[in-house]
file coords_1.pdb (PDB, C-alpha atoms, pLDDT in the B column)
ATOM      1  CA  MET X  28     147.581 104.289  11.700  1.00 45.00           C
ATOM      2  CA  VAL X  29     149.018 107.758  11.106  1.00 46.00           C
ATOM      3  CA  PHE X  30     147.015 110.998  10.888  1.00 50.00           C
ATOM      4  CA  GLU X  31     148.068 114.536  10.049  1.00 50.00           C
ATOM      5  CA  ARG X  32     146.224 117.776  10.833  1.00 52.00           C
ATOM      6  CA  ALA X  33     146.877 121.526  10.650  1.00 57.00           C
ATOM      7  CA  MET X  34     146.432 123.410  13.934  1.00 53.00           C
ATOM      8  CA  SER X  35     145.939 127.166  14.434  1.00 57.00           C
ATOM      9  CA  ALA X  36     148.126 129.424  16.579  1.00 51.00           C
ATOM     10  CA  ALA X  37     145.399 129.645  19.273  1.00 52.00           C
ATOM     11  CA  GLU X  38     145.223 125.841  19.497  1.00 54.00           C
ATOM     12  CA  ILE X  39     149.016 125.601  19.590  1.00 49.00           C
ATOM     13  CA  ARG X  40     149.175 127.879  22.653  1.00 45.00           C
ATOM     14  CA  GLU X  41     146.920 125.409  24.493  1.00 48.00           C
ATOM     15  CA  ALA X  42     148.975 122.328  23.568  1.00 48.00           C
ATOM     16  CA  ASP X  43     150.791 120.687  26.455  1.00 46.00           C
ATOM     17  CA  GLY X  44     153.168 118.349  24.615  1.00 48.00           C
ATOM     18  CA  GLY X  45     151.389 115.186  25.851  1.00 58.00           C
ATOM     19  CA  SER X  46     148.521 115.543  23.415  1.00 77.00           C
ATOM     20  CA  LYS X  47     146.252 112.671  22.479  1.00 82.00           C
ATOM     21  CA  ALA X  48     144.186 112.270  19.307  1.00 84.00           C
ATOM     22  CA  ARG X  49     140.597 111.101  18.849  1.00 86.00           C
ATOM     23  CA  VAL X  50     139.338 109.685  15.569  1.00 86.00           C
ATOM     24  CA  PHE X  51     135.745 110.124  14.435  1.00 88.00           C
ATOM     25  CA  LEU X  52     134.611 107.630  11.812  1.00 87.00           C
ATOM     26  CA  PRO X  53     132.165 108.446   9.000  1.00 88.00           C
ATOM     27  CA  GLY X  54     128.787 109.090  10.593  1.00 86.00           C
ATOM     28  CA  GLY X  55     130.380 110.711  13.664  1.00 84.00           C
ATOM     29  CA  THR X  56     131.081 107.570  15.726  1.00 87.00           C
ATOM     30  CA  GLN X  57     134.211 107.907  17.859  1.00 87.00           C
ATOM     31  CA  TYR X  58     136.863 105.223  17.375  1.00 87.00           C
ATOM     32  CA  ASP X  59     137.416 103.390  20.681  1.00 87.00           C
ATOM     33  CA  ARG X  60     141.204 103.924  20.857  1.00 87.00           C
ATOM     34  CA  LEU X  61     143.181 107.125  21.413  1.00 86.00           C
ATOM     35  CA  GLY X  62     146.298 108.041  19.482  1.00 85.00           C
ATOM     36  CA  LYS X  63     149.327 110.018  20.613  1.00 84.00           C
ATOM     37  CA  LEU X  64     150.845 113.129  19.063  1.00 82.00           C
ATOM     38  CA  ASP X  65     154.306 112.100  17.822  1.00 81.00           C
ATOM     39  CA  PHE X  66     155.387 114.975  15.558  1.00 80.00           C
ATOM     40  CA  THR X  67     154.819 118.732  15.377  1.00 78.00           C
ATOM     41  CA  GLU X  68     156.043 120.757  12.404  1.00 79.00           C
ATOM     42  CA  SER X  69     158.425 123.497  13.541  1.00 79.00           C
ATOM     43  CA  ARG X  70     157.358 125.951  10.807  1.00 83.00           C
ATOM     44  CA  VAL X  71     154.121 127.936  10.748  1.00 82.00           C
ATOM     45  CA  ASP X  72     152.526 128.066   7.289  1.00 81.00           C
ATOM     46  CA  PRO X  73     152.425 131.810   6.505  1.00 85.00           C
ATOM     47  CA  ASP X  74     149.358 131.416   4.255  1.00 87.00           C
ATOM     48  CA  THR X  75     147.138 129.633   6.791  1.00 82.00           C
ATOM     49  CA  GLY X  76     148.767 130.416  10.162  1.00 80.00           C
ATOM     50  CA  THR X  77     148.779 126.702  11.021  1.00 79.00           C
ATOM     51  CA  ILE X  78     151.324 123.969  11.701  1.00 78.00           C
ATOM     52  CA  SER X  79     151.067 120.294  10.780  1.00 80.00           C
ATOM     53  CA  LEU X  80     150.733 117.649  13.464  1.00 78.00           C
ATOM     54  CA  ARG X  81     150.978 113.874  13.230  1.00 81.00           C
ATOM     55  CA  ALA X  82     149.403 111.306  15.514  1.00 81.00           C
ATOM     56  CA  VAL X  83     149.935 107.553  15.682  1.00 85.00           C
ATOM     57  CA  MET X  84     147.387 105.123  17.075  1.00 84.00           C
ATOM     58  CA  PRO X  85     146.888 101.372  17.317  1.00 85.00           C
ATOM     59  CA  ASN X  86     144.491  99.754  14.854  1.00 84.00           C
ATOM     60  CA  PRO X  87     144.387  96.021  15.527  1.00 83.00           C
ATOM     61  CA  GLY X  88     141.136  95.536  13.598  1.00 78.00           C
ATOM     62  CA  THR X  89     139.979  96.614  10.180  1.00 75.00           C
ATOM     63  CA  ASN X  90     138.210  99.810  11.177  1.00 79.00           C
ATOM     64  CA  PRO X  91     139.245 102.436  10.196  1.00 82.00           C
ATOM     65  CA  MET X  92     140.492 101.041   6.906  1.00 81.00           C
ATOM     66  CA  PRO X  93     143.256 102.544   4.730  1.00 81.00           C
ATOM     67  CA  GLY X  94     141.877 105.340   2.558  1.00 82.00           C
ATOM     68  CA  MET X  95     138.842 105.912   4.793  1.00 84.00           C
ATOM     69  CA  HIS X  96     138.041 109.593   5.442  1.00 85.00           C
ATOM     70  CA  VAL X  97     137.868 110.368   9.159  1.00 85.00           C
ATOM     71  CA  ARG X  98     137.977 113.460  11.380  1.00 84.00           C
ATOM     72  CA  VAL X  99     140.804 113.745  13.900  1.00 83.00           C
ATOM     73  CA  GLY X 100     140.608 115.904  16.996  1.00 80.00           C
ATOM     74  CA  PHE X 101     143.562 116.605  19.244  1.00 77.00           C
ATOM     75  CA  ILE X 102     143.106 116.740  23.007  1.00 75.00           C
ATOM     76  CA  SER X 103     145.758 119.362  23.599  1.00 67.00           C
ATOM     77  CA  ALA X 104     144.928 120.530  27.113  1.00 66.00           C
ATOM     78  CA  GLN X 105     142.487 119.841  29.904  1.00 69.00           C
ATOM     79  CA  ARG X 106     140.957 122.673  31.871  1.00 73.00           C
ATOM     80  CA  PRO X 107     138.623 121.336  34.564  1.00 75.00           C
ATOM     81  CA  ASP X 108     135.853 123.650  35.778  1.00 80.00           C
ATOM     82  CA  THR X 109     136.157 125.915  32.729  1.00 84.00           C
ATOM     83  CA  VAL X 110     133.078 127.997  31.960  1.00 88.00           C
ATOM     84  CA  LEU X 111     131.935 128.045  28.319  1.00 89.00           C
ATOM     85  CA  ILE X 112     129.245 130.314  26.894  1.00 90.00           C
ATOM     86  CA  PRO X 113     127.969 130.685  23.324  1.00 91.00           C
ATOM     87  CA  GLN X 114     129.897 133.234  21.252  1.00 92.00           C
ATOM     88  CA  LYS X 115     126.579 134.974  20.578  1.00 91.00           C
ATOM     89  CA  ALA X 116     126.251 135.738  24.315  1.00 92.00           C
ATOM     90  CA  VAL X 117     129.460 137.792  24.415  1.00 94.00           C
ATOM     91  CA  ILE X 118     129.425 141.464  23.404  1.00 94.00           C
ATOM     92  CA  LYS X 119     132.705 143.154  22.453  1.00 94.00           C
ATOM     93  CA  THR X 120     132.947 146.715  23.755  1.00 93.00           C
ATOM     94  CA  PRO X 121     135.737 149.320  23.481  1.00 95.00           C
ATOM     95  CA  THR X 122     136.812 148.368  27.025  1.00 93.00           C
ATOM     96  CA  GLY X 123     136.590 144.563  26.725  1.00 94.00           C
ATOM     97  CA  HIS X 124     133.891 141.866  26.681  1.00 96.00           C
ATOM     98  CA  VAL X 125     130.544 141.775  28.491  1.00 96.00           C
ATOM     99  CA  ALA X 126     127.579 139.433  28.834  1.00 94.00           C
ATOM    100  CA  TRP X 127     124.091 139.833  30.256  1.00 93.00           C
ATOM    101  CA  VAL X 128     123.333 137.448  33.119  1.00 92.00           C
ATOM    102  CA  ILE X 129     119.920 136.556  34.542  1.00 90.00           C
ATOM    103  CA  THR X 130     119.969 136.814  38.345  1.00 90.00           C
ATOM    104  CA  LYS X 131     118.175 134.399  40.677  1.00 88.00           C
ATOM    105  CA  GLY X 132     115.453 137.051  40.940  1.00 89.00           C
ATOM    106  CA  GLY X 133     114.906 136.846  37.169  1.00 88.00           C
ATOM    107  CA  LYS X 134     116.431 140.251  36.352  1.00 90.00           C
ATOM    108  CA  ALA X 135     119.082 141.274  33.835  1.00 90.00           C
ATOM    109  CA  GLU X 136     122.574 142.128  35.063  1.00 94.00           C
ATOM    110  CA  ARG X 137     125.507 143.221  32.859  1.00 94.00           C
ATOM    111  CA  ARG X 138     128.837 141.504  33.641  1.00 95.00           C
ATOM    112  CA  ASP X 139     132.349 142.386  32.547  1.00 96.00           C
ATOM    113  CA  LEU X 140     134.192 139.292  31.321  1.00 95.00           C
ATOM    114  CA  VAL X 141     137.732 138.194  30.758  1.00 94.00           C
ATOM    115  CA  VAL X 142     137.534 135.711  27.883  1.00 92.00           C
ATOM    116  CA  GLY X 143     140.094 133.205  26.660  1.00 88.00           C
ATOM    117  CA  ILE X 144     139.995 131.514  23.281  1.00 84.00           C
ATOM    118  CA  TRP X 145     137.099 130.210  21.207  1.00 82.00           C
ATOM    119  CA  LEU X 146     136.278 126.553  21.525  1.00 76.00           C
ATOM    120  CA  ARG X 147     134.067 125.572  18.586  1.00 77.00           C
ATOM    121  CA  ASP X 148     131.032 127.919  18.955  1.00 84.00           C
ATOM    122  CA  ASP X 149     131.799 128.972  22.532  1.00 88.00           C
ATOM    123  CA  TRP X 150     134.043 131.392  24.403  1.00 88.00           C
ATOM    124  CA  ILE X 151     136.122 130.157  27.317  1.00 89.00           C
ATOM    125  CA  VAL X 152     135.366 132.589  30.160  1.00 92.00           C
ATOM    126  CA  GLU X 153     138.374 133.197  32.419  1.00 91.00           C
ATOM    127  CA  LYS X 154     136.628 135.622  34.827  1.00 93.00           C
ATOM    128  CA  GLY X 155     133.181 137.121  35.317  1.00 94.00           C
ATOM    129  CA  LEU X 156     130.861 134.068  35.261  1.00 92.00           C
ATOM    130  CA  GLY X 157     130.337 130.937  37.293  1.00 87.00           C
ATOM    131  CA  ALA X 158     129.127 127.522  36.146  1.00 83.00           C
ATOM    132  CA  GLY X 159     125.346 127.299  35.951  1.00 85.00           C
ATOM    133  CA  GLU X 160     124.703 131.026  35.552  1.00 89.00           C
ATOM    134  CA  THR X 161     122.237 131.890  32.790  1.00 88.00           C
ATOM    135  CA  VAL X 162     123.411 134.268  30.057  1.00 90.00           C
ATOM    136  CA  VAL X 163     121.442 136.127  27.391  1.00 90.00           C
ATOM    137  CA  VAL X 164     122.230 134.889  23.881  1.00 90.00           C
ATOM    138  CA  GLU X 165     119.903 137.041  21.730  1.00 85.00           C
ATOM    139  CA  GLY X 166     118.144 140.377  22.250  1.00 84.00           C
ATOM    140  CA  HIS X 167     120.944 142.147  24.170  1.00 83.00           C
ATOM    141  CA  GLN X 168     119.998 145.550  22.752  1.00 83.00           C
ATOM    142  CA  LYS X 169     116.613 145.479  24.552  1.00 83.00           C
ATOM    143  CA  LEU X 170     118.070 144.877  28.027  1.00 87.00           C
ATOM    144  CA  GLN X 171     118.699 147.348  30.832  1.00 88.00           C
ATOM    145  CA  PRO X 172     120.108 146.494  34.278  1.00 91.00           C
ATOM    146  CA  GLY X 173     117.381 145.275  36.655  1.00 90.00           C
ATOM    147  CA  VAL X 174     114.792 144.597  33.929  1.00 86.00           C
ATOM    148  CA  PRO X 175     112.688 141.452  34.612  1.00 87.00           C
ATOM    149  CA  VAL X 176     113.407 138.679  32.106  1.00 84.00           C
ATOM    150  CA  LYS X 177     111.224 135.736  31.028  1.00 80.00           C
ATOM    151  CA  VAL X 178     112.961 132.314  31.036  1.00 73.00           C
ATOM    152  CA  MET X 179     112.947 130.355  27.729  1.00 80.00           C
ATOM    153  CA  PRO X 180     115.116 127.570  26.223  1.00 77.00           C
ATOM    154  CA  TRP X 181     117.756 128.446  23.653  1.00 77.00           C
ATOM    155  CA  ALA X 182     118.381 126.161  20.655  1.00 71.00           C
ATOM    156  CA  THR X 183     122.079 125.565  19.912  1.00 63.00           C
ATOM    157  CA  ALA X 184     123.539 125.425  16.409  1.00 56.00           C
ATOM    158  CA  GLY X 185     123.335 121.623  16.572  1.00 52.00           C
ATOM    159  CA  GLY X 186     119.565 121.765  17.044  1.00 48.00           C
ATOM    160  CA  GLY X 187     119.518 120.860  20.759  1.00 43.00           C
ATOM    161  CA  THR X 188     119.024 123.246  23.630  1.00 41.00           C
ATOM    162  CA  ALA X 189     121.806 124.717  25.724  1.00 44.00           C
ATOM    163  CA  GLY X 190     122.539 122.936  28.951  1.00 39.00           C
ATOM    164  CA  GLY X 191     122.237 119.489  27.426  1.00 32.00           C
ATOM    165  CA  ALA X 192     118.782 117.928  27.323  1.00 27.00           C
ATOM    166  CA  PRO X 193     115.999 119.200  25.064  1.00 27.00           C
ATOM    167  CA  GLY X 194     113.890 121.722  26.921  1.00 28.00           C
ATOM    168  CA  ALA X 195     116.721 122.694  29.290  1.00 29.00           C
ATOM    169  CA  PRO X 196     116.063 126.026  30.987  1.00 32.00           C
ATOM    170  CA  GLY X 197     117.412 129.261  29.539  1.00 33.00           C
ATOM    171  CA  ALA X 198     116.210 132.852  29.677  1.00 30.00           C
ATOM    172  CA  ALA X 199     115.047 135.650  27.438  1.00 29.00           C
ATOM    173  CA  GLY X 200     114.492 139.385  27.787  1.00 30.00           C
ATOM    174  CA  GLY X 201     111.676 140.555  25.522  1.00 30.00           C
ATOM    175  CA  SER X 202     112.547 138.610  22.401  1.00 30.00           C
ATOM    176  CA  GLY X 203     116.055 137.794  23.662  1.00 41.00           C
ATOM    177  CA  VAL X 204     117.045 134.228  24.445  1.00 52.00           C
ATOM    178  CA  ALA X 205     119.586 132.914  26.957  1.00 52.00           C
ATOM    179  CA  ALA X 206     121.378 129.758  27.984  1.00 48.00           C
ATOM    180  CA  PRO X 207     123.027 128.364  31.124  1.00 47.00           C
ATOM    181  CA  ALA X 208     126.833 128.556  31.236  1.00 48.00           C
ATOM    182  CA  PRO X 209     127.949 124.930  31.675  1.00 45.00           C
ATOM    183  CA  ALA X 210     131.334 123.894  32.986  1.00 42.00           C
ATOM    184  CA  ALA X 211     133.438 122.365  30.223  1.00 39.00           C
ATOM    185  CA  ARG X 212     134.011 118.657  30.111  1.00 37.00           C
ATOM    186  CA  PRO X 213     137.671 117.572  29.931  1.00 34.00           C
TER     187      PRO X 213
END

call {"tool": "encode", "arguments": {"input": "coords_1.pdb", "output": "structure tokens"}}
result
Amino acid sequence: MVFERAMSAAEIREADGGSKARVFLPGGTQYDRLGKLDFTESRVDPDTGTISLRAVMPNPGTNPMPGMHVRVGFISAQRPDTVLIPQKAVIKTPTGHVAWVITKGGKAERRDLVVGIWLRDDWIVEKGLGAGETVVVEGHQKLQPGVPVKVMPWATAGGGTAGGAPGAPGAAGGSGVAAPAPAARP
């Protein structure tokens, strides 16, 4: 089986040359075998800012079948213990990026962040947050440092709550809503 995909400049910077490919069948089921990146286009498409990649993978059975539409995701780098937070939790300021964190005492605290790239709907946080800290996702404008904050779950774009299981803890200030900052899975 051979797959091709365009990859953005940000994704290219993360690639490590030993990339693997995952195939997701119709309905979202992941194919049980991984492919390997075997070709990278040397030219960046000036219209899209992407390059083409090709992966090859074994397919001893009949699934996926020729002509079947699938999604292919490249595993271009692994970053253990990476902190991810929803893009909505990050505020861009003239001096950089900040997020509001809920302290153990249940109060709001503003944190300066060093962010990396986006990963789907999240920012990779390089500095400023630790795994498991709770960040405010909505209602930033109502917060002041030291203000008590009421804890509430935050629903992700996929319909679940942040932190994994439905009903996972989050936090909110006034009408703001927050979510825990999980460590990324490789």

call {"tool": "closest_residue", "arguments": {"input": "coords_1.pdb", "among": "X:Ala182, X:Leu80, X:Val97, X:Leu170", "to": "Phe51 of chain X", "atoms": "all atoms listed in the file"}}
result
X:Val97

call {"tool": "closest_residue", "arguments": {"input": "coords_1.pdb", "among": "X:Trp150, X:Trp181, X:Trp145, X:Tyr58", "to": "Met92 of chain X", "atoms": "all atoms listed in the file"}}
result
X:Tyr58

call {"tool": "closest_residue", "arguments": {"input": "coords_1.pdb", "among": "X:Ile144, X:Ala158, X:Gly132, X:Ala82", "to": "Lys177 of chain X", "atoms": "all atoms listed in the file"}}
result
X:Gly132

call {"tool": "resolve_selection", "arguments": {"input": "coords_1.pdb", "expression": "the PyMOL selection byres ((chain X and resi 62) around 7)", "output": "PDB file with C-alpha atoms, in the frame of the given file"}}
result
ATOM      1  CA  LYS X  47     146.252 112.671  22.479  1.00 82.00           C
ATOM      2  CA  ALA X  48     144.186 112.270  19.307  1.00 84.00           C
ATOM      3  CA  ARG X  49     140.597 111.101  18.849  1.00 86.00           C
ATOM      4  CA  ARG X  60     141.204 103.924  20.857  1.00 87.00           C
ATOM      5  CA  LEU X  61     143.181 107.125  21.413  1.00 86.00           C
ATOM      6  CA  LYS X  63     149.327 110.018  20.613  1.00 84.00           C
ATOM      7  CA  LEU X  64     150.845 113.129  19.063  1.00 82.00           C
ATOM      8  CA  ALA X  82     149.403 111.306  15.514  1.00 81.00           C
ATOM      9  CA  VAL X  83     149.935 107.553  15.682  1.00 85.00           C
ATOM     10  CA  MET X  84     147.387 105.123  17.075  1.00 84.00           C
TER      11      MET X  84
END

call {"tool": "atom_distance", "arguments": {"input": "coords_1.pdb", "atom1": "atom CA of Gly157 of chain X", "atom2": "atom CA of Lys169 of chain X"}}
result
23.7 Å

call {"tool": "residues_around", "arguments": {"input": "coords_1.pdb", "residues": "segment 119-128 of chain X", "least_positions_apart": "4", "cutoff": "9 Å", "atoms": "all atoms listed in the file", "output": "PyMOL selection string"}}
result
chain X and resi 134-142+155-156+160-164+167+170+172+205

call {"tool": "residues_around", "arguments": {"input": "coords_1.pdb", "residues": "Glu68 of chain X", "least_positions_apart": "2", "cutoff": "9 Å", "atoms": "all atoms listed in the file", "output": "ChimeraX atom specification"}}
result
/X:66,70-71,78-81

call {"tool": "atom_distance", "arguments": {"input": "coords_1.pdb", "atom1": "atom CA of Val178 of chain X", "atom2": "atom CA of Gly133 of chain X"}}
result
7.9 Å

call {"tool": "atom_distance", "arguments": {"input": "coords_1.pdb", "atom1": "atom CA of Leu146 of chain X", "atom2": "atom CA of Leu111 of chain X"}}
result
8.2 Å

call {"tool": "closest_residue", "arguments": {"input": "coords_1.pdb", "among": "X:Lys131, X:His96, X:Asp72, X:Ile112", "to": "Gly173 of chain X", "atoms": "all atoms listed in the file"}}
result
X:Lys131

call {"tool": "closest_residue", "arguments": {"input": "coords_1.pdb", "among": "X:Pro53, X:Thr67, X:Thr109, X:Asp59", "to": "Asn86 of chain X", "atoms": "all atoms listed in the file"}}
result
X:Asp59

call {"tool": "closest_residue", "arguments": {"input": "coords_1.pdb", "among": "X:Asp108, X:Met179, X:Gln114, X:Glu165", "to": "Glu153 of chain X", "atoms": "all atoms listed in the file"}}
result
X:Asp108

call {"tool": "axis_aligned_box", "arguments": {"input": "coords_1.pdb", "around": "segment 75-94 of chain X", "padding_each_side": "6 Å", "output": "AutoDock Vina command-line options"}}
result
--center_x 144.8 --center_y 113.0 --center_z 9.9 --size_x 25.1 --size_y 46.9 --size_z 26.8

call {"tool": "decode", "arguments": {"input": "coords_1.pdb", "residues": "segment 65-81 of chain X", "atoms": "N, CA, C and O atoms", "output": "JSON list (two decimals), in the first residue's frame"}}
result
[["chain", "number", "residue", "atom", "x", "y", "z"],
["X", 65, "ASP", "N", 8.79, 6.84, 3.10],
["X", 65, "ASP", "CA", 9.88, 6.42, 2.21],
["X", 65, "ASP", "C", 10.26, 7.49, 1.18],
["X", 65, "ASP", "O", 11.23, 7.33, 0.45],
["X", 66, "PHE", "N", 9.50, 8.60, 1.13],
["X", 66, "PHE", "CA", 9.84, 9.65, 0.17],
["X", 66, "PHE", "C", 9.31, 10.98, 0.69],
["X", 66, "PHE", "O", 8.20, 11.06, 1.19],
["X", 67, "THR", "N", 10.13, 12.02, 0.56],
["X", 67, "THR", "CA", 9.72, 13.38, 0.89],
["X", 67, "THR", "C", 10.06, 14.27, -0.30],
["X", 67, "THR", "O", 11.21, 14.28, -0.75],
["X", 68, "GLU", "N", 9.09, 14.98, -0.81],
["X", 68, "GLU", "CA", 9.30, 15.91, -1.92],
["X", 68, "GLU", "C", 10.30, 16.98, -1.48],
["X", 68, "GLU", "O", 10.23, 17.47, -0.36],
["X", 69, "SER", "N", 11.20, 17.36, -2.35],
["X", 69, "SER", "CA", 12.22, 18.35, -1.98],
["X", 69, "SER", "C", 11.75, 19.78, -2.23],
["X", 69, "SER", "O", 12.39, 20.73, -1.80],
["X", 70, "ARG", "N", 10.61, 19.95, -2.88],
["X", 70, "ARG", "CA", 10.11, 21.28, -3.22],
["X", 70, "ARG", "C", 8.87, 21.61, -2.40],
["X", 70, "ARG", "O", 7.97, 20.79, -2.27],
["X", 71, "VAL", "N", 8.84, 22.82, -1.85],
["X", 71, "VAL", "CA", 7.66, 23.30, -1.13],
["X", 71, "VAL", "C", 6.71, 23.93, -2.13],
["X", 71, "VAL", "O", 7.12, 24.77, -2.94],
["X", 72, "ASP", "N", 5.44, 23.53, -2.11],
["X", 72, "ASP", "CA", 4.43, 24.10, -2.99],
["X", 72, "ASP", "C", 4.20, 25.54, -2.57],
["X", 72, "ASP", "O", 3.75, 25.80, -1.44],
["X", 73, "PRO", "N", 4.49, 26.51, -3.42],
["X", 73, "PRO", "CA", 4.36, 27.92, -3.02],
["X", 73, "PRO", "C", 2.92, 28.35, -2.77],
["X", 73, "PRO", "O", 2.67, 29.30, -2.03],
["X", 74, "ASP", "N", 1.94, 27.65, -3.34],
["X", 74, "ASP", "CA", 0.54, 28.01, -3.14],
["X", 74, "ASP", "C", 0.01, 27.55, -1.79],
["X", 74, "ASP", "O", -0.82, 28.22, -1.18],
["X", 75, "THR", "N", 0.47, 26.38, -1.33],
["X", 75, "THR", "CA", -0.07, 25.82, -0.08],
["X", 75, "THR", "C", 0.93, 25.81, 1.07],
["X", 75, "THR", "O", 0.54, 25.61, 2.22],
["X", 76, "GLY", "N", 2.23, 25.98, 0.78],
["X", 76, "GLY", "CA", 3.24, 25.93, 1.82],
["X", 76, "GLY", "C", 3.47, 24.53, 2.35],
["X", 76, "GLY", "O", 3.90, 24.35, 3.47],
["X", 77, "THR", "N", 3.15, 23.52, 1.54],
["X", 77, "THR", "CA", 3.29, 22.12, 1.98],
["X", 77, "THR", "C", 4.24, 21.37, 1.05],
["X", 77, "THR", "O", 4.55, 21.83, -0.05],
["X", 78, "ILE", "N", 4.68, 20.20, 1.52],
["X", 78, "ILE", "CA", 5.43, 19.27, 0.68],
["X", 78, "ILE", "C", 4.65, 17.96, 0.64],
["X", 78, "ILE", "O", 3.84, 17.69, 1.52],
["X", 79, "SER", "N", 4.91, 17.15, -0.36],
["X", 79, "SER", "CA", 4.26, 15.84, -0.45],
["X", 79, "SER", "C", 5.14, 14.79, 0.20],
["X", 79, "SER", "O", 6.36, 14.82, 0.06],
["X", 80, "LEU", "N", 4.50, 13.86, 0.89],
["X", 80, "LEU", "CA", 5.17, 12.74, 1.53],
["X", 80, "LEU", "C", 4.55, 11.45, 1.03],
["X", 80, "LEU", "O", 3.37, 11.43, 0.68],
["X", 81, "ARG", "N", 5.33, 10.38, 1.04],
["X", 81, "ARG", "CA", 4.79, 9.08, 0.66],
["X", 81, "ARG", "C", 5.19, 8.06, 1.72],
["X", 81, "ARG", "O", 6.32, 8.04, 2.19]]
